[in-house]
There are 2 protein chains.
Amino acid sequence: MFGMTIDRSSDRPVTAQLCDQIRRLIESGGMARGTRLPSTRHLAKELGIARNVAIEAYEQLIAEGYLVGRVGSGTYVAEGIPAIAVPRAVRMSEAGDPDAAGAPKDAAARADVIRFTPGVPDLERFPRWKWARYLKEATEACSFDYGDVRGEESLRVEIAAFLLRSRGMRVDPDRIMITSGSSEGFDLIARTLRPRFGSVFLEDPTIEITGHIFGRAGYRIEPVPVDESGMRVHEIGTFPPDGLMVLTPSHQYPTGCILPVQRRLHALRLAGEAGSFIVEDDYDGDFRLKGVPIPPLCMLGPERVLYAGTFSKTLAPGLRLGFLVLPGDLTGTFAEFRELANLRPPVQPQLALARFIRDGHLDRHIYRMRTVYRNKRTMLIKAIKRHFGDRAVIRGDEAGMHLLVEFPFLDAAPDWSRSEEYGVAVEPVEDYCMRRGSRTRQIVLGYGNIRERDIEPGIERLSRFVRERGTARRTGGTDFPAG
Amino acid sequence: MFGMTIDRSSDRPVTAQLCDQIRRLIESGGMARGTRLPSTRHLAKELGIARNVAIEAYEQLIAEGYLVGRVGSGTYVAEGIPAIAVPRAVRMSEAGDPDAAGAPKDAAARADVIRFTPGVPDLERFPRWKWARYLKEATEACSFDYGDVRGEESLRVEIAAFLLRSRGMRVDPDRIMITSGSSEGFDLIARTLRPRFGSVFLEDPTIEITGHIFGRAGYRIEPVPVDESGMRVHEIGTFPPDGLMVLTPSHQYPTGCILPVQRRLHALRLAGEAGSFIVEDDYDGDFRLKGVPIPPLCMLGPERVLYAGTFSKTLAPGLRLGFLVLPGDLTGTFAEFRELANLRPPVQPQLALARFIRDGHLDRHIYRMRTVYRNKRTMLIKAIKRHFGDRAVIRGDEAGMHLLVEFPFLDAAPDWSRSEEYGVAVEPVEDYCMRRGSRTRQIVLGYGNIRERDIEPGIERLSRFVRERGTARRTGGTDFPAG
């Protein structure tokens with residue numbers, strides 16, 4: 001009957017199968033408008049199904065407008081449905097077969113590349129069993145309703161206490177807003193402040209993400225050069241009232257330098273005079289490896305600074321947990337922005353993290369990891385010195401989990417992306433530059449997630465790459481030291 | 001010495017305390033520029049601390065620019081730090097004391113208000129123990145690095161299989177993108193398509209969130225009236241090439257009606273002719289209570305429809321998990337949008353959900369909840385009929401977890417927000433209207449998260465409120481039936 005069949009081996013309920021087929025017949029023109037359908041009794045008998053299944057299917061299709069019932073007369077195909085070519089068979093190659101998607105073809109060849117990836121902490125040392133337990137316990141006890149748009153209060157309270165312990169920073173938990181990593185924090189800042197602000201002063205070089213986020217939100221990007229003391233804030237001149245500024249004062253990325261207090265105060269003065277704000281990205285302030293964490297810029301001017309923190313570096317990026325500390329008079333605006341669009345972070349990981357911090361595990365993990373990173377850094381610096389001698393200048397090594405290496409002896413810098421052919425991956429600083437050309441001899445080496453045993457062979461490969469692919473300056477005189 | 005003291009009972013390390021105090025002295029003008037600091041030996045002795053602690057503090061402050069070291073001469077306060085009034089003592093009332101934030105004063109009075117909140121599923125029946133276990137197991141086995149910007153593949157594969165089972169919808173997992181609830185999905189759509197699109201046609205009434213999201217992204221909002229068959233699509237006339245349209249075809253919110261196939265095809269034709277797109281919000285398509293789930297609009301025109309699904313209704317809003325199904329040629333654009341801004345969902349809940357679905361728990365939960373909601377709906381309708389007789393008209397009761405009640409006998413509609421004084425909270429439909437004034441006699445009753453035992457007393461309170469606060473039409477003649 002109209003070619004309808006029931007597939008009893010299918011997962012799909014019989015009623016649904018019936019509806020599918022009648023719809024398709026109507027849509028394809030196989031059943032024209034006004035066509036009378038068989039009675040439910042007849043259809044049920046024909047297909048060997050219960051009559052109420054047929055009734056249910058007809059009622060469903062009447063509700064959807066495909067069919068009309070006429071009292072005492074039967075069921076008909078409705079008017080106004082032109083036959084259409086329905087593209088039902090969308091490509092489905094990978095469904096149910098996760099392998100089919102496939103890895104890049106050269107994955108095998110690349111598997112043993114040693115990667116000095118910056119911005120990723122030691123993931124093998126992440127306390128996954130503990131975190132799993134905390135997550136389970138929080139989930140067993142938490143609400144599953146929409147959470148607080150600002151983030152769960154218990155976590156905001158723990159973050160406030162942590163900021164006081166670790167940085168001497170006193171913050172009202174009501175000024176904290178939990179975000180999905182610091183990226184969402186920047187995104188939130190860019191969008192919430194957009195009506196009033198239209199340009200943003202960024203460190204050059206800096207992480208590309210920041211520029212993308214502000215650029216996409218419609219901001220004009222104003223790059224300010226970075227020297228060995230961070231952003232050359234004093235070169236800004238007049239700061240426009242619609243201008244924001246983004247700084248990484250504790251540990252500039254990628255150069256690794258620290259913004260001295262004179263420049264901090266200058267930046268605050270600019271923002272204060274313009275009635276504007278500074279966004280402080282304290283992405284790895286917990287991993288100062290000499291001395292103690294540097295007090296955030298935020299402490300010098302809490303009403304002019306939006307402070308962005310993240311647990312991507314202290315714990316793991318996969319958690320997607322970060323936070324903002326906002327000036328008091330902006331907290332309402334930010335909460336409203338989120339509330340109106342119903343954007344808020346998931347509840348359970350927040351409650352898990354609150355308990356995790358309260359029980360001292362964050363502090364302990366940071367303490368432990370500081371030693372781990374200090375050791376990795378020492379090994380890395382030793383390896384660089386062994387293979388490059390004094391021909392490589394190391395910068396920005398006081399904090400975090402990356403350092404910058406400059407090769408001043410190079411004339412034409414090699415195409416750094418080709419180092420993978422030598423089995424080692426590094427990041428050229430030029431990739432972070434808005435004004436290109438002046439940092440071609442610099443690379444960033446991230447050592448957060450590298451295994452200790454890979455450091456020495458990684459640098460050995462790098463030295464081979466630089467020797468074979470880099471061109472030394474003619475005027476220099478000294479030869480490249482033997483590997 | 002300069003009034004510095006060490007608090008040995010404090011959590012804060014001694015070095016940090018020392019740095020804090022020296023900084024404050026400099027910032028407050030207590031130590032002027034050029035002031036020579038005591039030798040580290042002297043300071044250590046004075047304060048009863050180890051000398052290396054003093055050295056560490058001085059080195060730290062030199063790195064920060066507060067101090068300068070002169071070889072063979074000592075350590076001095078640096079130049080260029082004007083004395084500033086530092087507002088260190090930000091309000092800290094609630095830190096460590098979650099109770100201090102306080103609930104609204106009338107919380108006690110409101111505690112027994114019966115709330116017919118729409119859009120929230122039965123949270124008491126959410127399988128929290130099971131979910132907690134899945135989350136733990138996924139966390140023990142997963143990566144903690146940044147995940148796939150599109151969402152984890154295993155979850156995308158399971159969602160594709162679920163859509164096929166539940167809706168007969170064939171979708172390539174590569175066209176799926178995991179979002180933080182459907183709100184983030186809308187936000188992503190509004191922003192990613194913004195350069196090309198500038199206006200959006202919305203159902204009137206509809207949920208306010210959609211309008212806020214598109215409005216904030218700079219779209220012009222074009223409200224289209226909704227009648228008992230959903231959006232009056234045929235009234236749109238010409239659809240501009242920069243126009244998008246948002247539809248809730250399976251179950252309009254808040255009226256609860258179903259968009260018939262004729263209007264669906266008309267909408268698709270408009271979008272096809274304009275080269276534009278329709279956003280399909282299938283927020284509660286799994287809870288059709290008569291018959292089977294209605295096939296999504298998406299199936300009629302997969303290349304013209306962006307389908308938004310969510311687990312907020314089938315599981316719980318607190319999970320913040322939803323997804324988009326995108327036309328094939330948009331997937332790259334959406335992934336790039338997220339990649340550049342480093343916006344992506346957390347990994348662990350996605351992996352937990354993938355396994356949860358794979359093991360059949362989502363299907364089983366939906367199946368169970370359908371019975372629960374069907375029963376609650378029956379109880380609710382009975383209660384409405386008992387207390388209002390035929391003076392209340394019930395609409396949109398075929399699906400989901402809310403229904404619409406109209407009181408045509410009312411002349412002046414009461415101020416619905418005041419029903420809380422009678423111990424019952426309902427949502428006026430007017431709150432969802434862009435063009436106000438025509439739906440003052442309609443309310444939405446959500447029954448997803450209400451307890452069964454509260455239904456009858458809730459409606460009893462509502463009838464008392466309507467009787468005492470509503471004004472019946474003079475011309476009607478019939479009296480309000482006795483409660």
# chains A, B, ... in the order shown; residues from 1 in each chain; ligands from 1
call {"tool": "select_by_dssp", "arguments": {"residues": "stretch 238-272 of chain A", "states": "strand (DSSP E)", "output": "ChimeraX atom specification"}}
result
/A:243-247
call {"tool": "write_last_selection", "arguments": {"atoms": "N, CA, C and O atoms", "output": "PDB file, in the first residue's frame"}}
result
ATOM      1  N   GLY A 243      39.033  54.310  24.778  1.00  0.00           N
ATOM      2  CA  GLY A 243      40.092  53.307  24.638  1.00  0.00           C
ATOM      3  C   GLY A 243      40.213  52.392  25.841  1.00  0.00           C
ATOM      4  O   GLY A 243      40.071  52.822  26.979  1.00  0.00           O
ATOM      5  N   LEU A 244      40.457  51.125  25.581  1.00  0.00           N
ATOM      6  CA  LEU A 244      40.814  50.178  26.628  1.00  0.00           C
ATOM      7  C   LEU A 244      42.272  49.792  26.412  1.00  0.00           C
ATOM      8  O   LEU A 244      42.851  50.063  25.367  1.00  0.00           O
ATOM      9  N   MET A 245      42.882  49.151  27.426  1.00  0.00           N
ATOM     10  CA  MET A 245      44.256  48.694  27.283  1.00  0.00           C
ATOM     11  C   MET A 245      44.323  47.290  27.873  1.00  0.00           C
ATOM     12  O   MET A 245      43.722  47.026  28.913  1.00  0.00           O
ATOM     13  N   VAL A 246      45.025  46.384  27.192  1.00  0.00           N
ATOM     14  CA  VAL A 246      45.209  45.044  27.738  1.00  0.00           C
ATOM     15  C   VAL A 246      46.679  44.853  28.070  1.00  0.00           C
ATOM     16  O   VAL A 246      47.546  45.095  27.223  1.00  0.00           O
ATOM     17  N   LEU A 247      46.956  44.447  29.298  1.00  0.00           N
ATOM     18  CA  LEU A 247      48.341  44.250  29.739  1.00  0.00           C
ATOM     19  C   LEU A 247      48.510  42.860  30.351  1.00  0.00           C
ATOM     20  O   LEU A 247      47.581  42.317  30.953  1.00  0.00           O
TER      21      LEU A 247
END
call {"tool": "closest_atom_pairs", "arguments": {"of": "chain A", "to": "chain B", "cutoff": "6 Å", "atoms": "only C-alpha atoms", "output": "Markdown table"}}
result
| residue | atom | partner | partner_atom | distance |
| --- | --- | --- | --- | --- |
| A:Arg12 | CA | B:Arg165 | CA | 5.4 |
| A:Glu56 | CA | B:Gly291 | CA | 5.8 |
| A:Gln60 | CA | B:Gly291 | CA | 5.6 |
| A:Glu64 | CA | B:Pro260 | CA | 4.8 |
| A:Gly65 | CA | B:Pro260 | CA | 4.5 |
| A:Gly80 | CA | B:Gln262 | CA | 5.9 |
| A:Ile81 | CA | B:Gln262 | CA | 5.7 |
| A:Arg91 | CA | B:Asp172 | CA | 5.8 |
| A:Met92 | CA | B:Asp172 | CA | 4.5 |
| A:Ala95 | CA | B:Val157 | CA | 5.3 |
| A:Gly96 | CA | B:Val157 | CA | 5.9 |
| A:Arg128 | CA | B:Glu140 | CA | 5.9 |
| A:Trp129 | CA | B:Glu140 | CA | 5.8 |
| A:Ala132 | CA | B:Lys136 | CA | 4.6 |
| A:Lys136 | CA | B:Ala132 | CA | 4.6 |
| A:Thr139 | CA | B:Ala132 | CA | 5.3 |
| A:Glu140 | CA | B:Trp129 | CA | 5.8 |
| A:Phe144 | CA | B:Gly318 | CA | 4.3 |
| A:Asp145 | CA | B:Gly318 | CA | 4.8 |
| A:Tyr146 | CA | B:Gly318 | CA | 4.8 |
| A:Val157 | CA | B:Ala95 | CA | 5.3 |
| A:Arg165 | CA | B:Arg12 | CA | 5.4 |
| A:Asp172 | CA | B:Met92 | CA | 4.6 |
| A:Ile209 | CA | B:Ala341 | CA | 5.2 |
| A:Ile213 | CA | B:Ala341 | CA | 5.5 |
| A:Pro260 | CA | B:Gly65 | CA | 4.6 |
| A:Val261 | CA | B:Gly65 | CA | 5.3 |
| A:Gln262 | CA | B:Ile81 | CA | 5.9 |
| A:Gly291 | CA | B:Gln60 | CA | 5.6 |
| A:Ala316 | CA | B:Phe144 | CA | 5.7 |
| A:Pro317 | CA | B:Tyr146 | CA | 5.3 |
| A:Gly318 | CA | B:Phe144 | CA | 4.3 |
| A:Leu319 | CA | B:Pro346 | CA | 5.4 |
| A:Arg320 | CA | B:Pro346 | CA | 5.2 |
| A:Leu340 | CA | B:Ile209 | CA | 6.0 |
| A:Ala341 | CA | B:Ile209 | CA | 5.2 |
| A:Pro346 | CA | B:Arg320 | CA | 5.2 |
| A:Val347 | CA | B:Gly318 | CA | 5.6 |
call {"tool": "write_last_selection", "arguments": {"atoms": "C-alpha atoms", "output": "PDB file, in the first residue's frame"}}
result
ATOM      1  CA  ARG A  12      12.788   3.518  15.382  1.00  0.00           C
ATOM      2  CA  GLU A  56      -1.665   7.558  16.327  1.00  0.00           C
ATOM      3  CA  GLN A  60       0.209  13.005  14.418  1.00  0.00           C
ATOM      4  CA  GLU A  64       1.480  18.528  11.627  1.00  0.00           C
ATOM      5  CA  GLY A  65      -0.743  19.664   8.762  1.00  0.00           C
ATOM      6  CA  GLY A  80      -0.850  23.444  -0.062  1.00  0.00           C
ATOM      7  CA  ILE A  81       2.084  21.037   0.067  1.00  0.00           C
ATOM      8  CA  ARG A  91      26.385  12.325   4.164  1.00  0.00           C
ATOM      9  CA  MET A  92      26.567  10.104   7.208  1.00  0.00           C
ATOM     10  CA  ALA A  95      28.233   8.328  12.336  1.00  0.00           C
ATOM     11  CA  GLY A  96      28.880   5.421  14.642  1.00  0.00           C
ATOM     12  CA  ARG A 128      42.867  13.572  37.675  1.00  0.00           C
ATOM     13  CA  TRP A 129      41.745  10.980  40.238  1.00  0.00           C
ATOM     14  CA  ALA A 132      37.205  13.080  39.345  1.00  0.00           C
ATOM     15  CA  LYS A 136      31.449  13.220  41.528  1.00  0.00           C
ATOM     16  CA  THR A 139      27.460  16.380  41.382  1.00  0.00           C
ATOM     17  CA  GLU A 140      25.810  14.166  43.946  1.00  0.00           C
ATOM     18  CA  PHE A 144      20.789  21.020  38.381  1.00  0.00           C
ATOM     19  CA  ASP A 145      18.880  24.191  37.739  1.00  0.00           C
ATOM     20  CA  TYR A 146      20.378  27.181  35.969  1.00  0.00           C
ATOM     21  CA  VAL A 157      34.327  33.013  47.949  1.00  0.00           C
ATOM     22  CA  ARG A 165      46.607  34.152  50.264  1.00  0.00           C
ATOM     23  CA  ASP A 172      34.811  41.147  47.470  1.00  0.00           C
ATOM     24  CA  ILE A 209      43.459  35.495  20.653  1.00  0.00           C
ATOM     25  CA  ILE A 213      38.293  38.836  20.283  1.00  0.00           C
ATOM     26  CA  PRO A 260      57.841  47.730  36.357  1.00  0.00           C
ATOM     27  CA  VAL A 261      55.837  49.782  38.787  1.00  0.00           C
ATOM     28  CA  GLN A 262      56.619  53.072  36.987  1.00  0.00           C
ATOM     29  CA  GLY A 291      60.488  35.111  44.515  1.00  0.00           C
ATOM     30  CA  ALA A 316      44.267  22.341  33.159  1.00  0.00           C
ATOM     31  CA  PRO A 317      42.798  24.042  30.065  1.00  0.00           C
ATOM     32  CA  GLY A 318      40.247  21.249  29.547  1.00  0.00           C
ATOM     33  CA  LEU A 319      38.387  22.421  32.683  1.00  0.00           C
ATOM     34  CA  ARG A 320      37.513  25.718  30.961  1.00  0.00           C
ATOM     35  CA  LEU A 340      19.594  38.638  29.322  1.00  0.00           C
ATOM     36  CA  ALA A 341      21.237  36.158  26.968  1.00  0.00           C
ATOM     37  CA  PRO A 346      27.854  24.922  34.205  1.00  0.00           C
ATOM     38  CA  VAL A 347      27.292  24.434  37.919  1.00  0.00           C
TER      39      VAL A 347
END
call {"tool": "atom_distance", "arguments": {"atom1": "atom CA of B:Leu18", "atom2": "atom CA of B:Thr75"}}
result
15.0 Å
call {"tool": "select_by_dssp", "arguments": {"residues": "stretch 355-426 of chain B", "states": "helix (DSSP H, G or I)", "output": "ChimeraX atom specification"}}
result
/B:355-358,361-391,416-422
